[in-house]
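run-v5.cif (mmCIF, C-alpha atoms) appears below.
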data_input
loop_
_atom_site.label_atom_id
_atom_site.label_comp_id
_atom_site.auth_asym_id
_atom_site.auth_seq_id
_atom_site.Cartn_x
_atom_site.Cartn_y
_atom_site.Cartn_z
CA MET A 1 21.32 2.07 -4.55
CA ASP A 2 19.79 4.84 -6.62
CA ASP A 3 19.37 8.36 -5.33
CA LEU A 4 16.06 9.45 -3.83
CA LYS A 5 14.95 11.45 -6.88
CA THR A 6 15.47 8.46 -9.19
CA ILE A 7 13.58 6.17 -6.82
CA GLU A 8 10.68 8.60 -6.53
CA ASN A 9 10.49 9.00 -10.32
CA ARG A 10 10.44 5.23 -10.78
CA LEU A 11 7.72 4.90 -8.14
CA LYS A 12 5.67 7.67 -9.74
CA LYS A 13 5.82 5.81 -13.06
CA ALA A 14 4.95 2.49 -11.38
CA TYR A 15 1.96 3.95 -9.54
CA SER A 16 0.66 5.48 -12.75
CA LEU A 17 0.17 1.97 -14.19
CA PRO A 18 -3.29 0.39 -14.03
CA ILE A 19 -3.85 -1.38 -10.72
CA GLN A 20 -3.74 -4.84 -12.29
CA GLU A 21 -0.30 -4.02 -13.72
CA GLN A 22 0.84 -2.69 -10.36
CA LEU A 23 -0.06 -6.02 -8.79
CA LYS A 24 2.08 -7.81 -11.39
CA TYR A 25 5.07 -5.71 -10.33
CA HIS A 26 4.20 -5.59 -6.64
CA GLU A 27 7.53 -6.98 -5.41
CA GLN A 28 9.62 -4.67 -7.61
CA ILE A 29 7.58 -1.64 -6.56
CA TRP A 30 8.09 -2.51 -2.94
CA GLU A 31 11.82 -2.90 -3.36
CA LEU A 32 11.76 0.74 -4.44
CA GLU A 33 9.49 1.66 -1.53
CA LYS A 34 11.94 0.04 0.88
CA GLN A 35 14.79 2.07 -0.60
CA ARG A 36 12.70 5.24 -0.36
CA PHE A 37 11.87 4.49 3.28
CA ASP A 38 15.56 3.95 4.05
CA PHE A 39 16.40 7.34 2.50
CA LEU A 40 13.63 9.19 4.31
CA VAL A 41 13.86 7.36 7.65
CA PRO A 42 17.45 6.17 8.13
CA GLN A 43 16.75 5.58 11.83
CA TRP A 44 13.40 5.15 13.52
CA ASP A 45 11.90 8.54 14.26
CA TYR A 46 8.18 8.64 15.06
CA GLU A 47 7.68 11.97 13.34
CA LYS A 48 9.44 10.88 10.13
CA VAL A 49 7.68 7.52 10.11
CA PHE A 50 4.33 9.22 10.65
CA ARG A 51 5.05 11.61 7.75
CA TYR A 52 5.97 8.61 5.61
CA LEU A 53 2.69 6.96 6.60
CA GLN A 54 0.73 10.11 5.70
CA ASN A 55 2.49 10.28 2.34
CA PHE A 56 1.74 6.58 1.79
CA ARG A 57 -1.95 7.20 2.54
CA ASP A 58 -2.05 10.09 0.06
CA LYS A 59 -0.27 8.04 -2.59
CA ILE A 60 -2.71 5.14 -2.17
CA SER A 61 -5.66 7.53 -2.40
CA ALA A 62 -4.27 8.86 -5.66
CA VAL A 63 -3.70 5.33 -7.01
CA PHE A 64 -7.42 4.70 -6.63
CA ALA A 65 -8.16 8.16 -8.00
CA TYR A 66 -10.15 8.79 -4.81
CA LYS A 67 -12.76 6.19 -5.90
CA THR A 68 -14.51 3.78 -3.57
CA VAL A 69 -12.17 0.88 -2.87
CA GLY A 70 -14.91 -1.45 -1.62
CA LEU A 71 -13.91 -2.04 2.00
CA LEU A 72 -17.52 -2.21 3.22
CA TRP A 73 -18.39 -4.48 0.30
CA ALA A 74 -15.48 -6.79 1.20
CA GLU A 75 -16.62 -6.95 4.80
CA GLU A 76 -19.90 -8.51 3.64
CA ASN A 77 -18.97 -10.22 0.38
CA ALA A 78 -15.29 -11.12 0.42
CA LYS A 79 -14.45 -12.16 3.95
CA ASP A 80 -11.03 -13.52 2.97
CA LEU A 81 -10.00 -10.19 1.46
CA ASP A 82 -11.46 -8.29 4.39
CA GLN A 83 -9.49 -10.48 6.78
CA LYS A 84 -6.31 -9.88 4.77
CA HIS A 85 -6.95 -6.12 4.97
CA GLN A 86 -7.65 -6.18 8.71
CA LYS A 87 -4.58 -8.31 9.41
CA ALA A 88 -2.31 -5.91 7.49
CA PHE A 89 -3.86 -2.86 9.17
CA THR A 90 -3.24 -4.38 12.61
CA ALA A 91 0.32 -5.30 11.61
CA ILE A 92 1.04 -1.66 10.65
CA ASP A 93 -0.09 -0.50 14.07
CA ARG A 94 1.91 -3.20 15.86
CA ALA A 95 5.10 -2.52 13.87
CA PHE A 96 4.76 1.23 14.44
CA LYS A 97 4.41 0.77 18.19
CA ARG A 98 7.35 -1.65 18.30
CA GLN A 99 9.49 0.55 16.03
CA ASN A 100 10.17 -2.43 13.79
CA ARG A 101 11.26 -1.10 10.38
CA GLU A 102 11.12 -4.41 8.50
CA ALA A 103 7.72 -5.36 9.92
CA PHE A 104 6.42 -1.84 9.21
CA ILE A 105 7.37 -1.94 5.52
CA GLU A 106 6.10 -5.51 5.16
CA ALA A 107 2.77 -4.53 6.75
CA LEU A 108 2.41 -1.51 4.42
CA GLN A 109 3.16 -3.76 1.48
CA ASP A 110 0.52 -6.28 2.57
CA TYR A 111 -1.96 -3.48 3.25
CA GLU A 112 -1.51 -1.96 -0.19
CA LYS A 113 -1.84 -5.34 -1.88
CA ALA A 114 -5.02 -6.12 0.08
CA LEU A 115 -6.55 -2.77 -0.90
CA LYS A 116 -5.76 -3.38 -4.57
CA GLU A 117 -7.19 -6.89 -4.47
CA ILE A 118 -10.36 -5.64 -2.76
CA TYR A 119 -10.68 -2.82 -5.29
CA LEU A 120 -10.36 -5.16 -8.26
CA ALA A 121 -12.80 -7.69 -6.79
CA TYR A 122 -15.28 -4.90 -5.98
CA LYS A 123 -14.90 -3.37 -9.43
CA ASN A 124 -15.40 -6.77 -11.12
CA GLN A 125 -18.50 -7.37 -9.01
CA LYS A 126 -19.94 -3.97 -9.95
CA VAL A 127 -19.34 -4.69 -13.66
CA ARG A 128 -21.16 -8.04 -13.38
CA GLU A 129 -24.12 -6.38 -11.70
CA GLU A 130 -24.53 -3.82 -14.49
#

Represent the supplied structure as structure tokens.
Amino acid sequence: MDDLKTIENRLKKAYSLPIQEQLKYHEQIWELEKQRFDFLVPQWDYEKVFRYLQNFRDKISAVFAYKTVGLLWAEENAKDLDQKHQKAFTAIDRAFKRQNREAFIEALQDYEKALKEIYLAYKNQKVREE
């Protein structure tokens, strides 16, 4: 296992890729995220997990460069993607409450993937409308 600094540098590089490229390497990125989580939260600690969750939220916001992701659009126009998003969001909450590390990371992974898929679908729709 790499050290934390190496993992964070690799993640920073991965998250700087275009979103479509990030989706191609989704599994590899999340292997690094799992390692990072293990370094930062070796045992379940609500405060540490919550800080990790806040950091995750900030990282995701930066990935989308603080642009509209299209969640409201998906609710009306892409029900399957909206459902995927809602299911992952609920799974995060459930895993957090149950202190289940594996389920927590898996839910974050699914949540991030759903957001990226919604964003790309929304962006493609906007391009077609123009």

Distance table requested - range 7-64 of chain A against range 103-118 of chain A, cut-off 8 Å, all atoms listed in the file: one row per qualifying residue with the closest atom pair and its distance in Å to one decimal, ordered by chain and rising residue number, as CSV.
residue,atom,partner,partner_atom,distance
A:Ile19,CA,A:Lys116,CA,6.7
A:Leu23,CA,A:Lys113,CA,7.2
A:His26,CA,A:Lys113,CA,7.7
A:Trp30,CA,A:Gln109,CA,6.7
A:Lys34,CA,A:Ile105,CA,6.8
A:Ile60,CA,A:Glu112,CA,7.5

* To do: Would you list the residues near (-9.2, -7.5, 3.1) (no more than 12 Å away, in the coordinates of the file, using all atoms listed in the file) as a ChimeraX atom specification?
  => /A:69-90,110-122

* Residue list as a list in words for point (0.4, -1.0, -12.4), cut-off 12 Å, all atoms listed in the file -> Arg10, Leu11, Lys12, Lys13, Ala14, Tyr15, Ser16, Leu17, Pro18, Ile19, Gln20, Glu21, Gln22, Leu23, Lys24, Tyr25, His26, Glu27, Gln28, Ile29, Val63, Phe64, Lys113 and Lys116 of chain A

Keeping C-alpha atoms, export the residues of the selection given above as a PDB file, in the frame of the given file.
ATOM      1  CA  ARG A  10      10.440   5.230 -10.780  1.00  0.00           C
ATOM      2  CA  LEU A  11       7.720   4.900  -8.140  1.00  0.00           C
ATOM      3  CA  LYS A  12       5.670   7.670  -9.740  1.00  0.00           C
ATOM      4  CA  LYS A  13       5.820   5.810 -13.060  1.00  0.00           C
ATOM      5  CA  ALA A  14       4.950   2.490 -11.380  1.00  0.00           C
ATOM      6  CA  TYR A  15       1.960   3.950  -9.540  1.00  0.00           C
ATOM      7  CA  SER A  16       0.660   5.480 -12.750  1.00  0.00           C
ATOM      8  CA  LEU A  17       0.170   1.970 -14.190  1.00  0.00           C
ATOM      9  CA  PRO A  18      -3.290   0.390 -14.030  1.00  0.00           C
ATOM     10  CA  ILE A  19      -3.850  -1.380 -10.720  1.00  0.00           C
ATOM     11  CA  GLN A  20      -3.740  -4.840 -12.290  1.00  0.00           C
ATOM     12  CA  GLU A  21      -0.300  -4.020 -13.720  1.00  0.00           C
ATOM     13  CA  GLN A  22       0.840  -2.690 -10.360  1.00  0.00           C
ATOM     14  CA  LEU A  23      -0.060  -6.020  -8.790  1.00  0.00           C
ATOM     15  CA  LYS A  24       2.080  -7.810 -11.390  1.00  0.00           C
ATOM     16  CA  TYR A  25       5.070  -5.710 -10.330  1.00  0.00           C
ATOM     17  CA  HIS A  26       4.200  -5.590  -6.640  1.00  0.00           C
ATOM     18  CA  GLU A  27       7.530  -6.980  -5.410  1.00  0.00           C
ATOM     19  CA  GLN A  28       9.620  -4.670  -7.610  1.00  0.00           C
ATOM     20  CA  ILE A  29       7.580  -1.640  -6.560  1.00  0.00           C
ATOM     21  CA  VAL A  63      -3.700   5.330  -7.010  1.00  0.00           C
ATOM     22  CA  PHE A  64      -7.420   4.700  -6.630  1.00  0.00           C
ATOM     23  CA  LYS A 113      -1.840  -5.340  -1.880  1.00  0.00           C
ATOM     24  CA  LYS A 116      -5.760  -3.380  -4.570  1.00  0.00           C
TER      25      LYS A 116
END

* **Atom pair CA of Gln99 in chain A / CA of Gln35 in chain A: separation (Å)** =>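 That distance, rounded to one decimal, is 17.5 Å.
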
* Asked: Hey, can you check how far CA of Ile7 in chain A sits from CA of Val49 in chain A?
  ->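 So the answer is 18.0 Å.
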
How big is the axis-aligned box, and where does its centre sit, when it encloses all atoms of range 88-95 of chain A listed in the file and has 5 Å added on every side, reported in Å to one decimal as JSON?
{"center_x": 0.6, "center_y": -3.2, "center_z": 11.7, "size_x": 19.0, "size_y": 15.4, "size_z": 18.4}

* Asked: For Lys123 in chain A, which residue out of A:Arg94, A:Thr68, A:Ser61, A:Trp44 is the nearest one, using all atoms listed in the file?
  -> A:Thr68

* Find the distance between CA of Glu8 in chain A and CA of Leu32 in chain A and write it in Å to one decimal. =>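 Atom-to-atom, CA of Glu8 in chain A and CA of Leu32 in chain A are spaced 8.2 Å apart.
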
* Among listed residues A:Phe39, A:Tyr66, A:Tyr46, A:Tyr52, nearest Phe96 in chain A (using only C-alpha atoms) ->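 Checking each of A:Phe39, A:Tyr66, A:Tyr46, A:Tyr52 against Phe96 in chain A, counting only C-alpha atoms, the winner is A:Tyr46.
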
Complete range 19-54 of chain A with N, CA and C atoms (output as a CSV table (one decimal), in the frame of the given file).
chain,number,residue,atom,x,y,z
A,19,ILE,N,-4.0,-0.6,-12.0
A,19,ILE,CA,-3.8,-1.4,-10.7
A,19,ILE,C,-3.5,-2.8,-11.0
A,20,GLN,N,-4.1,-3.4,-12.0
A,20,GLN,CA,-3.7,-4.8,-12.3
A,20,GLN,C,-2.3,-5.0,-12.6
A,21,GLU,N,-1.7,-4.0,-13.4
A,21,GLU,CA,-0.3,-4.0,-13.7
A,21,GLU,C,0.6,-3.8,-12.5
A,22,GLN,N,0.1,-2.9,-11.6
A,22,GLN,CA,0.8,-2.7,-10.4
A,22,GLN,C,1.0,-4.0,-9.5
A,23,LEU,N,-0.1,-4.8,-9.5
A,23,LEU,CA,-0.1,-6.0,-8.8
A,23,LEU,C,1.0,-7.0,-9.4
A,24,LYS,N,1.1,-6.9,-10.7
A,24,LYS,CA,2.1,-7.8,-11.4
A,24,LYS,C,3.5,-7.5,-10.9
A,25,TYR,N,3.7,-6.2,-10.7
A,25,TYR,CA,5.1,-5.7,-10.3
A,25,TYR,C,5.2,-5.3,-8.9
A,26,HIS,N,4.3,-5.9,-8.1
A,26,HIS,CA,4.2,-5.6,-6.6
A,26,HIS,C,5.5,-5.7,-5.9
A,27,GLU,N,6.3,-6.8,-6.1
A,27,GLU,CA,7.5,-7.0,-5.4
A,27,GLU,C,8.6,-5.9,-5.8
A,28,GLN,N,8.7,-5.6,-7.1
A,28,GLN,CA,9.6,-4.7,-7.6
A,28,GLN,C,9.3,-3.3,-7.1
A,29,ILE,N,8.0,-2.9,-7.1
A,29,ILE,CA,7.6,-1.6,-6.6
A,29,ILE,C,8.0,-1.5,-5.1
A,30,TRP,N,7.8,-2.6,-4.4
A,30,TRP,CA,8.1,-2.5,-2.9
A,30,TRP,C,9.6,-2.5,-2.6
A,31,GLU,N,10.4,-3.0,-3.5
A,31,GLU,CA,11.8,-2.9,-3.4
A,31,GLU,C,12.2,-1.4,-3.4
A,32,LEU,N,11.5,-0.7,-4.3
A,32,LEU,CA,11.8,0.7,-4.4
A,32,LEU,C,11.2,1.5,-3.2
A,33,GLU,N,10.1,1.0,-2.7
A,33,GLU,CA,9.5,1.7,-1.5
A,33,GLU,C,10.4,1.5,-0.3
A,34,LYS,N,11.0,0.3,-0.2
A,34,LYS,CA,11.9,0.0,0.9
A,34,LYS,C,13.1,1.0,0.8
A,35,GLN,N,13.7,1.2,-0.4
A,35,GLN,CA,14.8,2.1,-0.6
A,35,GLN,C,14.4,3.5,-0.3
A,36,ARG,N,13.2,3.9,-0.7
A,36,ARG,CA,12.7,5.2,-0.4
A,36,ARG,C,12.6,5.4,1.2
A,37,PHE,N,12.0,4.4,1.8
A,37,PHE,CA,11.9,4.5,3.3
A,37,PHE,C,13.2,4.6,3.9
A,38,ASP,N,14.2,3.9,3.5
A,38,ASP,CA,15.6,4.0,4.0
A,38,ASP,C,16.2,5.3,3.9
A,39,PHE,N,15.9,6.0,2.7
A,39,PHE,CA,16.4,7.3,2.5
A,39,PHE,C,15.7,8.3,3.4
A,40,LEU,N,14.4,8.2,3.5
A,40,LEU,CA,13.6,9.2,4.3
A,40,LEU,C,13.7,9.0,5.8
A,41,VAL,N,13.9,7.7,6.2
A,41,VAL,CA,13.9,7.4,7.6
A,41,VAL,C,15.1,6.4,7.9
A,42,PRO,N,16.3,7.0,7.9
A,42,PRO,CA,17.4,6.2,8.1
A,42,PRO,C,17.5,5.5,9.5
A,43,GLN,N,16.9,6.2,10.5
A,43,GLN,CA,16.8,5.6,11.8
A,43,GLN,C,15.3,5.9,12.3
A,44,TRP,N,14.8,5.0,13.1
A,44,TRP,CA,13.4,5.2,13.5
A,44,TRP,C,13.2,6.5,14.2
A,45,ASP,N,12.3,7.2,13.7
A,45,ASP,CA,11.9,8.5,14.3
A,45,ASP,C,10.4,8.6,14.1
A,46,TYR,N,9.6,8.7,15.2
A,46,TYR,CA,8.2,8.6,15.1
A,46,TYR,C,7.6,9.7,14.1
A,47,GLU,N,8.2,10.9,14.2
A,47,GLU,CA,7.7,12.0,13.3
A,47,GLU,C,7.9,11.7,11.9
A,48,LYS,N,9.1,11.2,11.5
A,48,LYS,CA,9.4,10.9,10.1
A,48,LYS,C,8.6,9.7,9.6
A,49,VAL,N,8.5,8.7,10.5
A,49,VAL,CA,7.7,7.5,10.1
A,49,VAL,C,6.2,7.9,9.9
A,50,PHE,N,5.7,8.8,10.8
A,50,PHE,CA,4.3,9.2,10.6
A,50,PHE,C,4.1,10.0,9.4
A,51,ARG,N,5.1,10.9,9.0
A,51,ARG,CA,5.0,11.6,7.8
A,51,ARG,C,5.1,10.6,6.6
A,52,TYR,N,5.9,9.6,6.7
A,52,TYR,CA,6.0,8.6,5.6
A,52,TYR,C,4.6,7.9,5.5
A,53,LEU,N,4.0,7.6,6.6
A,53,LEU,CA,2.7,7.0,6.6
A,53,LEU,C,1.6,7.9,6.0
A,54,GLN,N,1.7,9.2,6.3
A,54,GLN,CA,0.7,10.1,5.7
A,54,GLN,C,0.9,10.2,4.2
